[in-house]
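One file, model-v1.cif, is given below (mmCIF, C-alpha atoms).
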```cif
data_entry
#
loop_
_atom_site.label_atom_id
_atom_site.label_comp_id
_atom_site.auth_asym_id
_atom_site.auth_seq_id
_atom_site.Cartn_x
_atom_site.Cartn_y
_atom_site.Cartn_z
CA MET A 1 -22.23 14.69 68.67
CA LYS A 2 -22.18 12.07 65.95
CA LYS A 3 -19.78 12.55 63.06
CA LYS A 4 -21.21 12.95 59.59
CA ILE A 5 -20.39 10.93 56.49
CA ALA A 6 -21.24 11.98 52.94
CA THR A 7 -20.91 9.63 50.00
CA VAL A 8 -21.37 9.93 46.26
CA SER A 9 -20.87 7.94 43.10
CA LEU A 10 -19.52 10.02 40.19
CA ALA A 11 -18.34 8.14 37.09
CA GLY A 12 -18.57 4.86 38.94
CA CYS A 13 -20.85 1.85 38.99
CA PHE A 14 -22.07 2.01 42.61
CA GLY A 15 -20.01 -1.12 43.26
CA CYS A 16 -18.06 0.66 46.00
CA HIS A 17 -21.35 1.60 47.66
CA MET A 18 -22.43 -2.02 47.44
CA SER A 19 -19.13 -2.91 49.05
CA LEU A 20 -19.90 -0.47 51.87
CA LEU A 21 -22.90 -2.67 52.63
CA ASP A 22 -20.48 -5.61 52.90
CA ILE A 23 -19.49 -4.35 56.33
CA ASP A 24 -22.67 -6.27 57.26
CA GLU A 25 -23.82 -5.92 60.88
CA ARG A 26 -20.92 -3.58 61.62
CA ILE A 27 -23.11 -0.92 59.99
CA LEU A 28 -24.95 -0.76 63.35
CA GLU A 29 -21.65 0.00 65.07
CA LEU A 30 -20.87 2.55 62.37
CA LEU A 31 -24.19 4.29 62.98
CA LYS A 32 -23.31 4.60 66.68
CA LEU A 33 -20.21 6.58 65.62
CA ALA A 34 -21.62 8.52 62.71
CA GLU A 35 -24.63 9.30 60.58
CA PHE A 36 -24.98 9.57 56.83
CA GLU A 37 -25.48 13.02 55.39
CA ARG A 38 -25.71 13.64 51.65
CA SER A 39 -25.56 10.10 50.33
CA PRO A 40 -27.43 7.68 48.06
CA VAL A 41 -27.84 5.56 51.20
CA ASN A 42 -30.51 7.94 52.52
CA ASP A 43 -31.25 9.77 49.24
CA ILE A 44 -30.25 13.21 50.55
CA LYS A 45 -29.05 15.08 47.48
CA LYS A 46 -27.70 18.34 48.91
CA PHE A 47 -25.30 19.23 51.71
CA ARG A 48 -27.15 20.63 54.75
CA GLY A 49 -24.01 21.28 56.72
CA ARG A 50 -20.38 20.40 57.06
CA CYS A 51 -19.38 16.73 57.01
CA ASP A 52 -16.44 15.03 58.66
CA VAL A 53 -15.75 12.39 56.02
CA GLY A 54 -16.61 12.37 52.34
CA LEU A 55 -16.35 9.16 50.35
CA VAL A 56 -16.11 9.66 46.60
CA GLU A 57 -16.56 6.79 44.21
CA GLY A 58 -15.65 7.24 40.53
CA GLY A 59 -13.72 9.82 38.55
CA CYS A 60 -15.06 12.78 36.59
CA CYS A 61 -16.45 12.17 33.11
CA ASN A 62 -18.95 15.03 32.89
CA GLU A 63 -19.55 18.54 34.08
CA GLU A 64 -21.90 17.49 36.85
CA ASN A 65 -19.28 15.13 38.30
CA VAL A 66 -16.86 18.07 38.59
CA HIS A 67 -19.43 20.30 40.33
CA THR A 68 -20.36 17.50 42.74
CA LEU A 69 -16.72 16.79 43.52
CA LEU A 70 -16.05 20.49 44.14
CA SER A 71 -19.03 20.67 46.51
CA PHE A 72 -17.67 17.62 48.35
CA ARG A 73 -14.29 19.30 48.73
CA GLN A 74 -15.99 22.45 50.04
CA ASN A 75 -18.16 20.61 52.54
CA CYS A 76 -16.02 17.71 53.80
CA ASP A 77 -13.14 17.89 56.24
CA VAL A 78 -11.53 14.73 54.93
CA LEU A 79 -12.10 13.62 51.36
CA VAL A 80 -11.45 9.99 50.48
CA GLY A 81 -11.36 8.64 46.94
CA VAL A 82 -12.70 5.11 47.06
CA GLY A 83 -12.04 2.52 44.35
CA GLN A 84 -9.95 2.35 41.18
CA CYS A 85 -12.20 4.80 39.27
CA ALA A 86 -11.59 7.54 41.82
CA VAL A 87 -7.91 6.65 42.11
CA MET A 88 -6.89 6.35 38.46
CA GLY A 89 -10.06 6.70 36.38
CA GLY A 90 -10.92 3.00 36.28
CA LEU A 91 -12.76 1.57 33.32
CA PRO A 92 -14.21 4.93 32.12
CA VAL A 93 -10.62 6.18 31.65
CA MET A 94 -10.20 3.67 28.82
CA ARG A 95 -11.83 6.22 26.58
CA ASN A 96 -8.81 8.54 27.01
CA ALA A 97 -6.33 6.11 25.56
CA ILE A 98 -8.16 3.57 23.49
CA MET A 99 -9.59 5.92 20.89
CA HIS A 100 -6.67 6.30 18.51
CA SER A 101 -7.86 9.56 17.16
CA ASP A 102 -7.30 13.31 17.22
CA GLU A 103 -10.87 13.74 18.46
CA PRO A 104 -11.31 10.91 20.97
CA LEU A 105 -14.59 12.22 22.38
CA LYS A 106 -16.24 12.57 18.96
CA ASP A 107 -15.05 9.07 18.01
CA CYS A 108 -16.28 7.67 21.30
CA LEU A 109 -19.79 9.13 20.90
CA GLU A 110 -20.04 8.15 17.24
CA THR A 111 -19.00 4.60 18.04
CA ALA A 112 -21.51 4.41 20.88
CA TYR A 113 -24.50 5.97 19.10
CA LEU A 114 -23.94 5.74 15.34
CA ASN A 115 -21.37 3.32 14.00
CA SER A 116 -21.50 0.18 16.11
CA PRO A 117 -23.08 -2.82 14.37
CA TYR A 118 -25.80 -3.30 16.99
CA VAL A 119 -26.91 0.31 17.36
CA TYR A 120 -30.59 1.08 16.59
CA ASN A 121 -30.77 4.82 16.17
CA PRO A 122 -33.21 5.81 13.39
CA THR A 123 -32.88 9.57 14.02
CA ASN A 124 -29.08 9.32 13.81
CA ASP A 125 -28.76 11.75 16.73
CA ILE A 126 -26.15 11.78 19.43
CA PRO A 127 -27.93 12.61 22.74
CA ASN A 128 -27.59 16.34 23.24
CA ASP A 129 -30.48 17.37 25.49
CA PRO A 130 -29.74 20.47 27.60
CA ALA A 131 -30.79 18.46 30.66
CA LEU A 132 -27.85 16.10 30.13
CA PRO A 133 -24.62 17.18 31.79
CA LEU A 134 -21.92 18.04 29.27
CA ILE A 135 -19.44 15.26 28.80
CA LEU A 136 -15.79 16.21 29.40
CA ASP A 137 -13.05 15.98 26.79
CA LYS A 138 -11.54 13.11 28.74
CA VAL A 139 -12.02 11.32 32.04
CA TYR A 140 -10.23 12.95 34.96
CA THR A 141 -9.17 11.25 38.17
CA CYS A 142 -10.40 12.85 41.40
CA SER A 143 -6.97 14.15 42.34
CA GLU A 144 -6.68 15.91 38.97
CA VAL A 145 -9.71 18.01 39.96
CA VAL A 146 -9.42 18.61 43.72
CA LYS A 147 -7.00 17.77 46.52
CA MET A 148 -7.82 14.29 47.79
CA ASP A 149 -6.75 13.43 51.33
CA TYR A 150 -6.75 9.66 50.93
CA LEU A 151 -7.13 7.24 48.05
CA ILE A 152 -8.21 3.69 48.65
CA PRO A 153 -7.66 1.37 45.67
CA GLY A 154 -9.73 -1.70 44.87
CA CYS A 155 -12.49 -2.69 42.50
CA PRO A 156 -14.23 -2.46 44.82
CA PRO A 157 -12.30 -2.06 48.08
CA THR A 158 -13.65 -4.82 50.29
CA GLY A 159 -16.04 -4.17 53.16
CA ASP A 160 -13.13 -4.78 55.54
CA VAL A 161 -11.00 -2.10 53.87
CA LEU A 162 -13.87 0.40 53.99
CA TRP A 163 -14.63 -0.49 57.60
CA GLN A 164 -11.02 0.01 58.66
CA THR A 165 -10.79 3.24 56.67
CA LEU A 166 -13.99 4.69 58.14
CA THR A 167 -13.31 3.69 61.74
CA ALA A 168 -9.75 5.06 61.52
CA LEU A 169 -10.95 8.36 60.03
CA LEU A 170 -13.82 8.75 62.50
CA GLY A 171 -11.33 8.00 65.26
CA GLY A 172 -9.11 10.83 64.02
CA ASN A 173 -6.41 9.52 61.72
CA LEU A 174 -5.79 6.96 59.00
CA ALA A 175 -2.18 5.92 59.35
CA GLY A 176 -2.29 3.26 56.67
CA LEU A 177 -3.93 -0.01 55.77
CA PRO A 178 -2.55 -3.55 56.09
CA LYS A 179 -0.86 -4.62 52.84
CA ASP A 180 -2.64 -7.93 52.57
CA ILE A 181 -6.14 -6.45 52.40
CA VAL A 182 -5.43 -3.67 49.91
CA LYS A 183 -5.94 -4.83 46.31
CA PHE A 184 -6.00 -3.06 42.96
CA ASP A 185 -8.87 -5.20 41.69
CA MET B 1 34.08 1.80 53.46
CA THR B 2 36.08 1.07 50.30
CA PRO B 3 34.21 1.88 47.11
CA PHE B 4 33.26 -1.15 45.06
CA THR B 5 35.31 -1.21 41.87
CA GLY B 6 34.31 -4.57 40.50
CA LYS B 7 37.83 -5.84 41.21
CA ASN B 8 38.38 -7.82 44.32
CA GLU B 9 41.80 -9.11 45.25
CA ALA B 10 40.44 -11.87 47.42
CA LEU B 11 38.30 -12.95 44.49
CA GLU B 12 41.16 -13.24 42.05
CA ASN B 13 42.60 -16.19 43.89
CA LYS B 14 39.29 -18.04 43.86
CA MET B 15 37.74 -20.37 41.31
CA ILE B 16 34.15 -20.52 40.06
CA GLY B 17 32.14 -22.56 42.53
CA ASP B 18 34.23 -21.63 45.58
CA ASP B 19 32.32 -20.51 48.65
CA ILE B 20 32.46 -16.88 49.65
CA VAL B 21 30.79 -14.85 52.37
CA PHE B 22 29.27 -11.40 52.03
CA LYS B 23 26.64 -9.37 53.86
CA ILE B 24 23.06 -8.47 52.89
CA ASP B 25 21.57 -5.90 55.28
CA GLY B 26 24.17 -6.86 57.84
CA VAL B 27 23.42 -10.59 57.70
CA ASP B 28 26.15 -13.00 56.56
CA VAL B 29 25.21 -14.75 53.31
CA ARG B 30 27.15 -17.58 51.71
CA GLY B 31 27.46 -17.57 47.96
CA ARG B 32 29.53 -19.22 45.28
CA ILE B 33 31.84 -17.47 42.86
CA GLY B 34 29.96 -17.13 39.57
CA GLN B 35 26.59 -16.54 41.20
CA THR B 36 24.79 -13.23 41.01
CA ILE B 37 23.80 -11.42 44.20
CA MET B 38 20.16 -12.27 43.53
CA GLU B 39 20.89 -15.99 43.13
CA ALA B 40 22.83 -16.06 46.38
CA ALA B 41 20.06 -14.11 48.14
CA ASP B 42 17.43 -16.51 46.80
CA ASP B 43 19.46 -19.47 48.09
CA ALA B 44 19.68 -17.79 51.48
CA GLY B 45 15.92 -17.13 51.53
CA ILE B 46 16.32 -13.36 51.28
CA HIS B 47 13.87 -11.77 48.87
CA ILE B 48 15.01 -9.08 46.45
CA PRO B 49 12.10 -7.63 44.43
CA ARG B 50 12.42 -8.09 40.64
CA LEU B 51 10.43 -7.71 37.44
CA CYS B 52 12.59 -8.36 34.38
CA ASP B 53 14.27 -11.41 35.88
CA VAL B 54 12.61 -14.81 36.10
CA GLU B 55 13.97 -18.23 36.87
CA GLY B 56 15.05 -20.13 33.77
CA LEU B 57 16.04 -17.10 31.70
CA ASP B 58 19.27 -15.12 31.54
CA PRO B 59 19.17 -11.96 33.66
CA GLN B 60 18.99 -8.70 31.77
CA GLY B 61 19.17 -5.99 34.45
CA SER B 62 16.82 -3.59 32.68
CA CYS B 63 13.94 -2.93 35.07
CA ARG B 64 16.22 -1.93 37.98
CA VAL B 65 13.60 -2.97 40.54
CA CYS B 66 16.22 -5.32 42.01
CA THR B 67 18.59 -2.40 42.58
CA VAL B 68 20.73 -2.82 45.69
CA LYS B 69 23.60 -0.78 47.08
CA ILE B 70 26.95 -2.55 47.06
CA ASN B 71 29.49 -0.81 49.26
CA GLY B 72 27.52 2.39 48.70
CA ARG B 73 27.02 2.15 44.93
CA THR B 74 23.81 1.09 43.25
CA ALA B 75 23.75 -1.95 40.96
CA ALA B 76 21.20 -4.41 39.60
CA SER B 77 21.48 -7.47 41.81
CA CYS B 78 20.26 -9.82 39.06
CA THR B 79 23.37 -9.20 36.97
CA GLN B 80 25.96 -8.18 39.57
CA PRO B 81 28.21 -11.11 40.58
CA VAL B 82 28.86 -11.83 44.23
CA ALA B 83 32.24 -10.98 45.68
CA ASP B 84 33.94 -11.73 48.97
CA GLY B 85 33.23 -9.33 51.78
CA ILE B 86 30.92 -6.94 49.93
CA ASN B 87 28.25 -5.16 51.90
CA VAL B 88 24.86 -5.24 50.16
CA GLU B 89 21.97 -2.97 51.20
CA ASN B 90 18.65 -4.49 50.19
CA ARG B 91 15.68 -3.51 52.36
CA THR B 92 16.81 -0.06 53.45
CA PRO B 93 14.24 2.76 53.26
CA GLU B 94 16.30 4.53 50.59
CA ILE B 95 16.48 1.51 48.27
CA GLN B 96 12.83 0.66 48.86
CA GLU B 97 11.88 4.23 47.89
CA TYR B 98 13.87 3.92 44.63
CA ARG B 99 12.08 0.68 43.85
CA ARG B 100 8.68 2.09 44.76
CA ASP B 101 9.24 4.98 42.36
CA LEU B 102 10.30 2.62 39.57
CA VAL B 103 7.16 0.54 40.03
CA ARG B 104 5.04 3.71 40.21
CA MET B 105 6.49 4.95 36.93
CA LEU B 106 5.69 1.64 35.23
CA PHE B 107 2.08 1.97 36.39
CA HIS B 108 1.87 5.52 35.06
CA GLU B 109 3.61 4.84 31.76
CA GLY B 110 1.18 2.25 30.37
CA ASN B 111 -2.55 1.65 30.76
CA HIS B 112 -2.81 -0.67 33.73
CA LEU B 113 -6.50 -1.26 34.40
CA CYS B 114 -6.31 -3.95 37.05
CA PRO B 115 -10.10 -4.41 37.37
CA ALA B 116 -10.36 -5.35 33.67
CA CYS B 117 -7.18 -7.42 33.37
CA GLU B 118 -7.21 -11.20 33.44
CA ALA B 119 -3.67 -11.27 34.82
CA SER B 120 -4.91 -9.50 37.94
CA GLY B 121 -3.92 -11.53 40.99
CA ARG B 122 -1.02 -13.19 39.22
CA CYS B 123 0.52 -9.96 37.90
CA GLU B 124 3.96 -9.27 39.31
CA LEU B 125 3.69 -5.53 38.72
CA GLN B 126 0.42 -5.43 40.67
CA ALA B 127 1.87 -7.58 43.44
CA LEU B 128 4.87 -5.27 43.75
CA GLY B 129 2.53 -2.27 43.77
CA THR B 130 0.56 -3.63 46.70
CA ASP B 131 3.73 -4.84 48.43
CA PHE B 132 5.24 -1.36 48.21
CA GLY B 133 1.96 0.09 49.49
CA ILE B 134 1.41 2.33 46.47
CA LEU B 135 -1.87 4.13 47.14
CA GLN B 136 -1.41 7.73 46.08
CA PRO B 137 -1.31 8.03 42.31
CA ASP B 138 -0.66 11.78 42.18
CA LYS B 139 3.12 11.68 42.35
CA TYR B 140 3.46 11.31 38.57
CA PRO B 141 0.96 12.07 35.80
CA TYR B 142 -0.74 9.21 33.96
CA LEU B 143 0.62 9.17 30.41
CA GLN B 144 -2.37 7.20 29.02
CA PRO B 145 -0.62 6.25 25.77
CA SER B 146 -2.44 4.87 22.73
CA ARG B 147 -1.15 1.35 22.29
CA PRO B 148 -2.43 -1.43 20.04
CA VAL B 149 -4.00 -4.76 20.89
CA ASP B 150 -2.93 -7.63 18.61
CA ALA B 151 -5.55 -10.39 18.67
CA SER B 152 -4.60 -11.79 15.27
CA HIS B 153 -3.11 -15.06 16.53
CA HIS B 154 -5.44 -17.99 17.04
CA ASP B 155 -4.26 -18.85 20.55
CA VAL B 156 -2.45 -15.81 21.93
CA MET B 157 -3.39 -12.16 22.32
CA LEU B 158 -1.04 -9.24 22.92
CA ASP B 159 -2.42 -6.26 24.84
CA THR B 160 0.52 -3.87 24.67
CA ASN B 161 -1.26 -1.37 26.92
CA ARG B 162 0.05 -3.53 29.75
CA CYS B 163 3.58 -4.16 28.42
CA ILE B 164 6.37 -3.01 30.73
CA ARG B 165 9.12 -3.93 28.25
CA CYS B 166 10.86 -6.29 30.66
CA GLY B 167 12.02 -8.43 27.73
CA ARG B 168 11.20 -11.76 29.36
CA CYS B 169 9.26 -12.89 26.28
CA ILE B 170 12.15 -11.76 24.06
CA ARG B 171 14.68 -13.84 25.99
CA ALA B 172 12.36 -16.85 26.27
CA SER B 173 11.67 -16.78 22.54
CA ALA B 174 15.32 -16.29 21.59
CA HIS B 175 17.12 -18.53 24.07
CA VAL B 176 14.58 -21.27 24.83
CA ASP B 177 12.30 -21.46 21.78
CA HIS B 178 15.05 -20.32 19.33
CA LYS B 179 12.37 -18.49 17.36
CA ASN B 180 12.99 -14.77 17.96
CA VAL B 181 9.29 -13.97 17.79
CA PHE B 182 9.72 -10.85 19.93
CA GLY B 183 12.27 -8.06 19.85
CA TYR B 184 12.73 -4.47 20.98
CA VAL B 185 11.86 -1.70 18.54
CA GLY B 186 12.29 2.06 19.02
CA ARG B 187 14.26 3.98 21.61
CA GLY B 188 13.70 5.79 24.90
CA ILE B 189 10.08 6.36 25.86
CA ASN B 190 9.07 4.97 22.44
CA LYS B 191 10.79 1.66 23.00
CA GLN B 192 8.35 -1.20 22.57
CA VAL B 193 8.33 -4.94 22.23
CA GLY B 194 7.55 -5.74 18.61
CA VAL B 195 6.85 -9.02 16.83
CA ASN B 196 8.83 -10.50 13.97
CA GLY B 197 6.11 -10.00 11.35
CA THR B 198 3.20 -7.74 10.45
CA ASP B 199 1.34 -9.13 13.49
CA LEU B 200 1.57 -12.12 15.79
CA ALA B 201 -0.40 -14.33 13.39
CA HIS B 202 2.30 -13.77 10.76
CA THR B 203 5.09 -15.14 12.95
CA ASN B 204 5.90 -18.73 13.84
CA ALA B 205 4.66 -18.19 17.42
CA ALA B 206 2.80 -21.08 19.03
CA VAL B 207 0.92 -21.21 22.32
CA THR B 208 3.26 -24.03 23.42
CA ASP B 209 6.28 -21.68 23.26
CA LYS B 210 8.11 -20.88 26.47
CA ALA B 211 7.53 -17.18 25.66
CA MET B 212 3.75 -17.66 25.80
CA GLU B 213 3.81 -19.62 29.04
CA ILE B 214 1.82 -18.14 31.91
CA GLY B 215 4.39 -16.64 34.26
CA ILE B 216 6.84 -15.52 31.57
CA CYS B 217 4.97 -12.26 30.93
CA PRO B 218 4.93 -10.68 34.40
CA VAL B 219 1.88 -8.57 33.52
CA GLY B 220 -1.17 -9.23 31.33
CA CYS B 221 0.34 -8.37 27.96
CA ILE B 222 0.72 -11.91 26.60
CA ILE B 223 -2.66 -13.54 27.16
CA GLN B 224 -3.50 -17.10 26.21
CA LYS B 225 -6.92 -17.20 24.63
CA ARG B 226 -9.73 -19.37 26.05
CA VAL B 227 -7.97 -19.66 29.42
CA GLY B 228 -9.00 -16.30 30.91
CA PHE B 229 -9.66 -15.98 34.62
CA PHE B 230 -8.72 -19.63 35.19
CA ALA B 231 -8.20 -19.03 38.89
CA PRO B 232 -11.02 -17.42 40.88
CA ILE B 233 -10.42 -14.48 43.20
CA GLY B 234 -8.91 -15.86 46.38
CA ALA B 235 -7.08 -18.70 44.61
CA ARG B 236 -4.85 -16.64 42.36
CA ARG B 237 -1.07 -16.72 42.72
CA PHE B 238 -0.65 -13.59 44.83
CA ASP B 239 -3.91 -14.06 46.73
CA LYS B 240 -2.31 -17.07 48.33
CA GLU B 241 1.05 -15.56 49.15
CA PRO B 242 2.56 -12.11 48.66
CA ILE B 243 5.32 -11.64 46.09
CA THR B 244 7.95 -11.53 48.83
CA GLY B 245 7.12 -15.17 49.56
CA LYS B 246 6.44 -14.44 53.23
CA LYS B 247 3.00 -14.01 54.71
#
```

Show me the file's structure as structure tokens.
Amino acid sequence: MKKKIATVSLAGCFGCHMSLLDIDERILELLKLAEFERSPVNDIKKFRGRCDVGLVEGGCCNEENVHTLLSFRQNCDVLVGVGQCAVMGGLPVMRNAIMHSDEPLKDCLETAYLNSPYVYNPTNDIPNDPALPLILDKVYTCSEVVKMDYLIPGCPPTGDVLWQTLTALLGGNLAGLPKDIVKFD
Amino acid sequence: MTPFTGKNEALENKMIGDDIVFKIDGVDVRGRIGQTIMEAADDAGIHIPRLCDVEGLDPQGSCRVCTVKINGRTAASCTQPVADGINVENRTPEIQEYRRDLVRMLFHEGNHLCPACEASGRCELQALGTDFGILQPDKYPYLQPSRPVDASHHDVMLDTNRCIRCGRCIRASAHVDHKNVFGYVGRGINKQVGVNGTDLAHTNAAVTDKAMEIGICPVGCIIQKRVGFFAPIGARRFDKEPITGKK
């Protein structure tokens, strides 16, 4: 039976998913070994069964990210954090440190929606619709929320890195990656 | 094995410049009296990882990434002089693990956002991180400190989020430029590199200073303005060769 891969982008930019497409024609080989389950690749939004490998892009910046990450942990045998955002928070994590304030979240939202010179916001509201997931007090890395089995740095990890990671995991074990292809940017 | 005491009887009869022989990881290395272990290793083509030391400046021995074991005792190889017959451990798993942890802690202590940093690819901290194979960030917590950015100067910007307090800019400014633009302030975890004025614009710093030269700051703290991303990905310093110098 084919193995199953689930992927998701949390507080990320989908760059790591784009990078997954950089495996080019090897995607045909990948599809001989495995099929995509819950993933933006095939637009399946809920888990229909257990998956062998879960690829998580991005850290957690809102409530929905946390729930999605928890469901990935519950449904995936091996959970892999892919890219700098999953590994250490990436660019979204700048909001934790850069706001020199006692209330960094409030400052962040006010700067984004009220106080910046180029903001056009006649109602002076900060988006607060119940349909919007609640934003967290700070950005959390994946391993601060659940146990991650592997973390692959890179912004994004190249197609080669993702190919080697996936084939190793589908084959049973990821013993490590060659130094010269792993980058932090 | 006799413990290393810093005194060496064979050494006392020798003059500065005389040849001596010692071992690094079991290999005979020739050095000269007056050299440091790192200088002798460099001459012999043996790489010892380093951060606070750079060619052209006095060694300081503060980052401890160049830690080696000399006859069983740890010492910073950039400041420790060579001596006849000593036995230096460099690339042992134990020493490499010490160094890996030191580099890890530097990553976790500041805000090192490689994807957004223009020093990425020529950053020595990043190159050491990849060389040591640091993938798992969950060994230590991220401190995520609030640190200022000083963009006041016309030609140079300081992003202290990335500073690892190696003191290379301090030594370059003091010993080469004779300006003392930079200096340490504070103690312990609060120790920082400060500037000799209210901000960098109110010092006599110039972009032509040795301290501002690309390659003096090992990370992306001292950034020359209007030069950013001068080398494309693939042509940057550590894209071409790893920090150990060997492919």

Would you translate the PyMOL selection byres ((chain A) within 9 of (chain B)) into the concrete set of residues it matches in this file, as JSON, numbers by chain?
-> {"A": [84, 87, 88, 89, 90, 91, 93, 94, 96, 97, 98, 99, 100, 143, 144, 150, 151, 152, 153, 154, 155, 156, 176, 177, 178, 179, 180, 182, 183, 184, 185]}

Evaluated on this file, the PyMOL selection byres ((chain B and resi 79-91) around 8) picks out some residues - which ones are they, written as an mmCIF file with C-alpha atoms, keeping the file's coordinate frame?
```
data_model
loop_
_atom_site.group_PDB
_atom_site.id
_atom_site.type_symbol
_atom_site.label_atom_id
_atom_site.label_comp_id
_atom_site.auth_asym_id
_atom_site.auth_seq_id
_atom_site.Cartn_x
_atom_site.Cartn_y
_atom_site.Cartn_z
ATOM 1 C CA PHE B 4 33.260 -1.150 45.060
ATOM 2 C CA ASN B 8 38.380 -7.820 44.320
ATOM 3 C CA ALA B 10 40.440 -11.870 47.420
ATOM 4 C CA LEU B 11 38.300 -12.950 44.490
ATOM 5 C CA ILE B 20 32.460 -16.880 49.650
ATOM 6 C CA VAL B 21 30.790 -14.850 52.370
ATOM 7 C CA PHE B 22 29.270 -11.400 52.030
ATOM 8 C CA LYS B 23 26.640 -9.370 53.860
ATOM 9 C CA ILE B 24 23.060 -8.470 52.890
ATOM 10 C CA ASP B 25 21.570 -5.900 55.280
ATOM 11 C CA GLY B 26 24.170 -6.860 57.840
ATOM 12 C CA GLY B 31 27.460 -17.570 47.960
ATOM 13 C CA ARG B 32 29.530 -19.220 45.280
ATOM 14 C CA ILE B 33 31.840 -17.470 42.860
ATOM 15 C CA GLY B 34 29.960 -17.130 39.570
ATOM 16 C CA GLN B 35 26.590 -16.540 41.200
ATOM 17 C CA THR B 36 24.790 -13.230 41.010
ATOM 18 C CA ILE B 37 23.800 -11.420 44.200
ATOM 19 C CA MET B 38 20.160 -12.270 43.530
ATOM 20 C CA ALA B 40 22.830 -16.060 46.380
ATOM 21 C CA ILE B 48 15.010 -9.080 46.450
ATOM 22 C CA PRO B 59 19.170 -11.960 33.660
ATOM 23 C CA GLN B 60 18.990 -8.700 31.770
ATOM 24 C CA GLY B 61 19.170 -5.990 34.450
ATOM 25 C CA THR B 67 18.590 -2.400 42.580
ATOM 26 C CA VAL B 68 20.730 -2.820 45.690
ATOM 27 C CA LYS B 69 23.600 -0.780 47.080
ATOM 28 C CA ILE B 70 26.950 -2.550 47.060
ATOM 29 C CA ASN B 71 29.490 -0.810 49.260
ATOM 30 C CA ALA B 75 23.750 -1.950 40.960
ATOM 31 C CA ALA B 76 21.200 -4.410 39.600
ATOM 32 C CA SER B 77 21.480 -7.470 41.810
ATOM 33 C CA CYS B 78 20.260 -9.820 39.060
ATOM 34 C CA THR B 92 16.810 -0.060 53.450
ATOM 35 C CA PRO B 93 14.240 2.760 53.260
ATOM 36 C CA ILE B 95 16.480 1.510 48.270
ATOM 37 C CA GLN B 96 12.830 0.660 48.860
#
```

I need the residue set behind the PyMOL selection byres ((chain B and resi 209) around 9) for this file; please write it as a list in words.
-> Ala172, Ser173, Val176, Asp177, Ala205, Ala206, Val207, Thr208, Lys210, Ala211, Met212 and Glu213 of chain B

Within 12 Å of (-27.9, 6.0, 52.7), in the coordinates the file gives, what residues turn up when you count all atoms listed in the file, written out as a compact mmCIF listing (two decimals) with C-alpha atoms, keeping the file's coordinate frame?
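Dumped to selection35.txt:
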```txt
# COMPACT_ATOMS: atom_id res chain seq x y z
CA LYS A 4 -21.21 12.95 59.59
CA ILE A 5 -20.39 10.93 56.49
CA ALA A 6 -21.24 11.98 52.94
CA THR A 7 -20.91 9.63 50.00
CA VAL A 8 -21.37 9.93 46.26
CA HIS A 17 -21.35 1.60 47.66
CA MET A 18 -22.43 -2.02 47.44
CA LEU A 20 -19.90 -0.47 51.87
CA LEU A 21 -22.90 -2.67 52.63
CA ILE A 27 -23.11 -0.92 59.99
CA LEU A 31 -24.19 4.29 62.98
CA GLU A 35 -24.63 9.30 60.58
CA PHE A 36 -24.98 9.57 56.83
CA GLU A 37 -25.48 13.02 55.39
CA ARG A 38 -25.71 13.64 51.65
CA SER A 39 -25.56 10.10 50.33
CA PRO A 40 -27.43 7.68 48.06
CA VAL A 41 -27.84 5.56 51.20
CA ASN A 42 -30.51 7.94 52.52
CA ASP A 43 -31.25 9.77 49.24
CA ILE A 44 -30.25 13.21 50.55
CA LYS A 45 -29.05 15.08 47.48
```

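A straight line drawn from CA of Ser19 in chain A to CA of Asp160 in chain A is 9.0 Å long.
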
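When CA of Val53 in chain A is paired with CA of Phe72 in chain A, their separation reads 9.5 Å.
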
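Counting all atoms listed in the file, the residue from A:Asp77, A:Glu103, A:Glu63, A:Asp149 that sits nearest to Ala11 in chain A is A:Glu63.
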
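Here CA of Ala41 in chain B is placed at a distance of 18.1 Å from CA of Leu128 in chain B.
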
With only C-alpha atoms counted, which protein, DNA or RNA residues have an atom no more than 8 Å from (-2.3, -13.1, 35.6) in the file frame? Please answer as number ranges by chain.
-> B: 117-123, 214-215, 218-220, 229

Selection: 10 Å around range 123-125 of chain A, all atoms listed in the file, excl. self and same-chain fewer than 2 positions, as an NGL selection string | :A and (110 or 113-115 or 119-121 or 127-128)

Near-Leu105 in chain A list (9 Å; all atoms listed in the file; drop same-chain fewer than 6 positions) as an mmCIF file with C-alpha atoms, keeping the file's coordinate frame:
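Just written: result-v8.cif:
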```cif
data_model
loop_
_atom_site.group_PDB
_atom_site.id
_atom_site.type_symbol
_atom_site.label_atom_id
_atom_site.label_comp_id
_atom_site.auth_asym_id
_atom_site.auth_seq_id
_atom_site.Cartn_x
_atom_site.Cartn_y
_atom_site.Cartn_z
ATOM 1 C CA ARG A 95 -11.830 6.220 26.580
ATOM 2 C CA ASN A 96 -8.810 8.540 27.010
ATOM 3 C CA MET A 99 -9.590 5.920 20.890
ATOM 4 C CA ILE A 135 -19.440 15.260 28.800
ATOM 5 C CA LEU A 136 -15.790 16.210 29.400
ATOM 6 C CA ASP A 137 -13.050 15.980 26.790
ATOM 7 C CA LYS A 138 -11.540 13.110 28.740
#
```
